[in-house]
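One file, structure_8.tsv, is given below (TSV, C-alpha atoms).
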chain	number	residue	atom	x	y	z
A	17	MET	CA	12.64	19.70	99.91
A	18	ILE	CA	14.08	22.02	102.55
A	19	ARG	CA	17.66	21.27	103.49
A	20	SER	CA	19.29	22.13	106.78
A	21	ILE	CA	22.99	22.77	107.19
A	22	GLY	CA	24.98	21.03	109.88
A	23	LEU	CA	28.48	21.87	111.03
A	24	ASP	CA	30.02	18.56	109.95
A	25	GLY	CA	33.17	19.13	107.95
A	26	LEU	CA	33.51	22.74	109.08
A	27	LYS	CA	36.55	23.79	111.05
A	28	GLY	CA	35.76	25.71	114.19
A	29	ARG	CA	38.00	28.51	115.43
A	30	ARG	CA	38.66	29.88	118.87
A	31	GLU	CA	37.69	33.45	119.53
A	32	LEU	CA	38.60	35.80	122.38
A	33	LYS	CA	36.97	39.21	122.81
A	34	PHE	CA	38.10	42.21	124.82
A	35	GLU	CA	36.77	45.69	125.46
A	36	MET	CA	39.46	48.37	125.46
A	37	THR	CA	39.84	52.13	125.33
A	38	THR	CA	40.88	54.00	122.19
A	39	MET	CA	44.19	54.86	123.89
A	40	ASP	CA	45.00	51.21	124.68
A	41	CYS	CA	43.99	50.38	121.10
A	42	TYR	CA	46.52	52.90	119.81
A	43	LEU	CA	49.29	51.45	122.01
A	44	LEU	CA	48.55	47.84	121.08
A	45	ARG	CA	48.26	48.64	117.37
A	46	ASN	CA	51.73	50.16	117.39
A	47	LYS	CA	53.12	46.99	118.99
A	48	LEU	CA	51.37	44.59	116.64
A	49	LYS	CA	52.48	46.27	113.42
A	50	HIS	CA	56.09	45.21	114.12
A	51	PHE	CA	55.17	41.51	114.32
A	52	MET	CA	52.01	41.06	112.25
A	53	GLU	CA	50.84	41.81	108.72
A	54	ILE	CA	48.15	44.35	107.91
A	55	ASP	CA	45.16	42.92	106.08
A	56	PRO	CA	45.91	43.32	102.35
A	57	HIS	CA	42.22	43.96	101.62
A	58	ALA	CA	42.11	47.07	103.78
A	59	ASN	CA	42.09	50.63	102.47
A	60	LYS	CA	45.12	52.93	102.47
A	61	ASP	CA	44.58	53.77	106.14
A	62	GLY	CA	44.53	50.07	107.00
A	63	LYS	CA	40.81	50.03	107.78
A	64	TYR	CA	37.52	49.25	106.10
A	65	LEU	CA	33.90	49.91	106.95
A	66	ILE	CA	31.65	46.99	107.78
A	67	ARG	CA	27.87	47.25	107.72
A	68	SER	CA	25.73	44.36	108.92
A	69	VAL	CA	22.05	43.84	109.54
A	70	TYR	CA	21.24	41.28	112.22
A	71	PHE	CA	18.21	38.97	112.34
A	72	ASP	CA	16.09	38.43	115.43
A	73	ASN	CA	12.42	37.96	116.31
A	74	PHE	CA	9.79	39.75	118.40
A	75	ASN	CA	10.94	37.86	121.52
A	76	ASP	CA	14.59	38.85	120.95
A	77	LYS	CA	15.54	35.17	120.75
A	78	VAL	CA	19.07	35.81	119.40
A	79	LEU	CA	19.79	38.66	121.80
A	80	THR	CA	18.58	36.66	124.81
A	81	GLN	CA	20.69	33.62	123.93
A	82	LYS	CA	23.73	35.87	123.65
A	83	LYS	CA	23.09	37.66	126.96
A	84	GLU	CA	22.50	34.37	128.79
A	85	GLY	CA	25.63	32.77	127.33
A	86	PHE	CA	24.09	29.76	125.56
A	87	TYR	CA	26.81	27.28	124.58
A	88	GLU	CA	24.96	26.47	121.35
A	89	ARG	CA	23.52	29.37	119.38
A	90	ASP	CA	23.25	30.64	115.81
A	91	LYS	CA	23.14	34.16	114.42
A	92	PHE	CA	22.18	35.27	110.91
A	93	ARG	CA	23.28	38.53	109.34
A	94	VAL	CA	23.70	40.16	105.93
A	95	ARG	CA	26.98	42.03	105.51
A	96	LEU	CA	28.64	44.40	103.06
A	97	TYR	CA	31.97	46.21	103.01
A	98	ASP	CA	32.67	49.87	102.27
A	99	PHE	CA	29.05	50.34	101.13
A	100	ASN	CA	29.58	48.08	98.12
A	101	THR	CA	25.99	47.02	97.54
A	102	ASN	CA	27.06	44.83	94.63
A	103	TYR	CA	28.75	42.42	97.04
A	104	LEU	CA	26.54	41.22	99.90
A	105	ASN	CA	27.00	38.10	101.97
A	106	LEU	CA	24.41	36.19	103.93
A	107	GLU	CA	26.26	34.77	106.93
A	108	LYS	CA	25.46	32.34	109.70
A	109	LYS	CA	27.70	32.43	112.75
A	110	SER	CA	27.42	29.47	115.10
A	111	LYS	CA	28.75	28.90	118.60
A	112	ARG	CA	29.32	25.37	119.86
A	113	ASN	CA	30.92	25.35	123.30
A	114	ASN	CA	34.18	27.28	122.87
A	115	LEU	CA	34.39	27.10	119.08
A	116	THR	CA	33.02	29.48	116.44
A	117	TYR	CA	31.85	28.38	112.99
A	118	LYS	CA	30.92	30.60	110.06
A	119	GLN	CA	29.07	29.83	106.84
A	120	LYS	CA	28.23	32.31	104.09
A	121	CYS	CA	26.91	32.72	100.57
A	122	ARG	CA	26.39	35.59	98.15
A	123	LEU	CA	23.14	37.53	98.19
A	124	THR	CA	21.97	40.22	95.77
A	125	ALA	CA	20.65	43.62	96.82
A	126	ASN	CA	17.27	42.77	95.28
A	127	GLU	CA	17.12	39.52	97.25
A	128	TYR	CA	17.82	41.34	100.49
A	129	GLU	CA	15.06	43.85	99.77
A	130	LYS	CA	12.64	40.96	99.25
A	131	ILE	CA	13.69	39.46	102.57
A	132	ARG	CA	13.32	42.85	104.27
A	133	ASN	CA	9.78	43.14	102.92
A	134	SER	CA	8.90	39.57	104.03
A	135	GLU	CA	8.72	38.31	100.44
A	136	ILE	CA	10.37	34.97	101.20
A	137	VAL	CA	8.51	32.26	99.25
A	138	TRP	CA	11.33	32.11	96.68
A	139	MET	CA	13.79	31.11	99.41
A	140	GLU	CA	12.19	27.73	100.11
A	141	ASN	CA	13.59	26.03	97.00
A	142	ASP	CA	16.64	28.22	96.42
A	143	SER	CA	19.82	26.44	95.31
A	144	ARG	CA	21.80	27.88	98.24
A	145	PRO	CA	21.37	25.76	101.38
A	146	LEU	CA	22.03	28.74	103.64
A	147	VAL	CA	19.19	30.71	102.04
A	148	GLN	CA	16.92	27.71	102.57
A	149	GLU	CA	17.95	27.47	106.21
A	150	LEU	CA	17.23	31.16	106.80
A	151	TYR	CA	13.81	30.59	105.24
A	152	VAL	CA	13.10	27.84	107.76
A	153	GLN	CA	14.19	30.07	110.64
A	154	MET	CA	12.02	32.92	109.36
A	155	LYS	CA	9.01	30.62	109.10
A	156	LEU	CA	9.48	28.78	112.40
A	157	TYR	CA	10.76	31.57	114.63
A	158	GLN	CA	9.67	34.70	112.73
A	159	LEU	CA	13.26	35.87	112.33
A	160	LYS	CA	13.60	39.12	110.39
A	161	PRO	CA	16.30	41.75	109.82
A	162	VAL	CA	16.13	44.03	112.85
A	163	THR	CA	19.09	46.35	113.31
A	164	VAL	CA	21.89	47.75	111.15
A	165	VAL	CA	25.32	48.10	112.76
A	166	ASP	CA	28.25	50.06	111.28
A	167	TYR	CA	31.84	50.00	112.46
A	168	GLU	CA	35.40	50.51	111.29
A	169	ARG	CA	37.63	47.43	111.33
A	170	GLU	CA	41.41	47.20	111.35
A	171	VAL	CA	42.95	43.75	110.91
A	172	PHE	CA	46.34	42.23	111.73
A	173	ILE	CA	47.37	38.75	110.57
A	174	TYR	CA	49.93	36.31	111.99
A	175	ARG	CA	50.47	33.24	109.78
A	176	TYR	CA	51.61	30.87	112.52
A	177	GLY	CA	48.51	29.52	114.19
A	178	ASN	CA	46.38	31.35	111.62
A	179	VAL	CA	45.87	34.26	114.02
A	180	ARG	CA	43.65	37.19	113.09
A	181	ILE	CA	43.35	40.21	115.38
A	182	THR	CA	40.69	42.82	114.67
A	183	PHE	CA	40.01	46.23	116.18
A	184	ASP	CA	36.38	47.31	115.78
A	185	GLY	CA	35.70	50.95	116.60
A	186	SER	CA	33.27	53.79	115.84
A	187	ILE	CA	30.39	51.36	116.42
A	188	LYS	CA	27.05	52.83	115.36
A	189	THR	CA	23.50	51.52	115.43
A	190	SER	CA	20.42	52.24	113.34
A	191	LEU	CA	18.26	51.45	116.39
A	192	ARG	CA	15.31	49.55	114.82
A	193	ASN	CA	15.83	50.47	111.16
A	194	ASN	CA	16.77	47.60	108.80
A	195	ASP	CA	17.33	49.67	105.63
A	196	LEU	CA	20.77	48.14	105.03
A	197	LEU	CA	21.28	49.49	101.51
A	198	ASN	CA	20.50	53.11	102.34
A	199	SER	CA	23.81	55.01	102.41
A	200	ASP	CA	22.02	57.92	104.13
A	201	LEU	CA	20.61	55.77	106.90
A	202	ALA	CA	20.64	57.68	110.21
A	203	MET	CA	23.11	56.03	112.58
A	204	VAL	CA	23.76	56.69	116.27
A	205	HIS	CA	27.14	56.29	117.98
A	206	THR	CA	27.17	53.72	120.79
A	207	ASN	CA	30.32	54.51	122.79
A	208	PRO	CA	33.04	56.22	120.70
A	209	GLU	CA	35.66	55.67	123.43
A	210	ILE	CA	35.35	51.88	123.31
A	211	VAL	CA	37.02	49.49	120.86
A	212	VAL	CA	36.17	45.79	120.64
A	213	LEU	CA	39.26	43.63	120.15
A	214	GLU	CA	38.77	40.14	118.73
A	215	VAL	CA	41.48	37.48	118.62
A	216	LYS	CA	40.71	34.51	116.35
A	217	TYR	CA	42.95	31.47	115.95
A	218	ASP	CA	42.96	27.73	115.29
A	219	GLU	CA	44.48	25.21	117.71
A	220	PHE	CA	46.88	27.46	119.59
A	221	LEU	CA	47.69	31.09	120.26
A	222	PRO	CA	51.46	31.69	119.81
A	223	GLY	CA	53.35	32.90	122.88
A	224	ILE	CA	54.50	36.09	121.16
A	225	ILE	CA	50.88	37.10	120.54
A	226	LYS	CA	49.96	36.40	124.17
A	227	GLN	CA	52.75	38.70	125.29
A	228	LEU	CA	51.75	41.46	122.89
A	229	LEU	CA	48.18	41.38	124.16
A	230	GLN	CA	49.26	42.27	127.69
A	231	VAL	CA	48.53	45.96	127.53
A	232	GLY	CA	46.45	48.39	129.56
A	233	ASP	CA	43.15	47.58	131.24
A	234	MET	CA	41.55	45.21	128.75
A	235	ARG	CA	38.47	43.34	129.96
A	236	GLN	CA	37.77	39.95	128.40
A	237	GLY	CA	34.17	38.99	127.81
A	238	ALA	CA	31.57	37.85	125.29
A	239	TYR	CA	31.18	41.26	123.68
A	240	SER	CA	28.75	41.47	120.79
A	241	LYS	CA	28.34	44.48	118.53
A	242	TYR	CA	24.71	43.45	117.98
A	243	HIS	CA	24.18	43.32	121.75
A	244	VAL	CA	25.80	46.74	122.19
A	245	SER	CA	23.68	48.23	119.42
A	246	ARG	CA	20.44	46.91	120.95
A	247	MET	CA	21.21	48.66	124.24
A	248	TYR	CA	20.27	51.86	122.39
A	249	GLY	CA	16.97	50.66	121.01

In structure tokens, how does this file's structure come out?
Amino acid sequence: MIRSIGLDGLKGRRELKFEMTTMDCYLLRNKLKHFMEIDPHANKDGKYLIRSVYFDNFNDKVLTQKKEGFYERDKFRVRLYDFNTNYLNLEKKSKRNNLTYKQKCRLTANEYEKIRNSEIVWMENDSRPLVQELYVQMKLYQLKPVTVVDYEREVFIYRYGNVRITFDGSIKTSLRNNDLLNSDLAMVHTNPEIVVLEVKYDEFLPGIIKQLLQVGDMRQGAYSKYHVSRMYG
């Protein structure tokens, strides 16, 4: 029996996104480091590389829903960090009005390669509900891995309000190549002068964080690294 996953019991978070220049990023980073903690999982330079492959179909269903600002939408991706192919996550990111929900489970490199090659029968009765749900989406809407996106992420954490601020820069796209596990995959820079700032928090955003975010010419919007990457192919 195929199970579907609802959002009951999951805690949604609020998420603000801004587009900023590399110079404004530098200025804001220097302010934040005096009030916030650096992500302990980051490398020595405080950053780590994220690589994701995003799922969509021949009608660009996911991309269209994002561009048109649907209040309810879901996005599937497979993600790895610092090219560690021994640790992959299948993730589903959901938007419901102004809240963001995320679900994930482990996936092996071999399993991803099967998915990439449309060998998906095994997913129907898998023990992981999220794998089953992706199977349903692939069958009903012909979802498939479409585009690989690379970027460098720097994270700052503020315990009060469970605030997480991320700077995502050096965003690159594989255009239409979905070879996620290929470390030599040809990638194309989108706009090296632009950094995407994301602010994630629970019920409230502390006043001190609001003040710190008042820097330069930041433009708030529903920026999506997948959307940006698809502008190039």

>> Here is a test: counting only C-alpha atoms, which residue of A:Leu79, A:Val179, A:Ala58, A:Met234 is nearest to Val215 of chain A?
In response: A:Val179

> Residues at most 12 Å from Val244 of chain A, counting only C-alpha atoms, excluding those fewer than 4 positions away in the same chain, as a PyMOL selection string?
Replying inline: chain A and resi 35+79+82-83+163-167+187-191+204-207+210-212+238-240+248-249

>> Between atom CA of Gly28 of chain A and atom CA of Met139 of chain A, what distance in Å does the model show, to one decimal?
In response: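 Atom-to-atom, atom CA of Gly28 of chain A to atom CA of Met139 of chain A, that is 27.0 Å.
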
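Shortest atom-to-atom contact with Tyr128 of chain A among A:Leu228, A:Leu156, A:Ile66, A:Leu196: A:Leu196, counting all atoms listed in the file.
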
>> If we draw a sphere of 10 Å around (26.7, 26.7, 126.6), which residues have at least one atom in it when counting only C-alpha atoms? Please report them as a PyMOL selection string.
In response: chain A and resi 81+84-89+111-114

> Counting only C-alpha atoms, which of A:Thr182, A:Gln236, A:Tyr176, A:Asn126 gets nearest to Leu221 of chain A?
Replying inline: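 Closest candidate: A:Tyr176.
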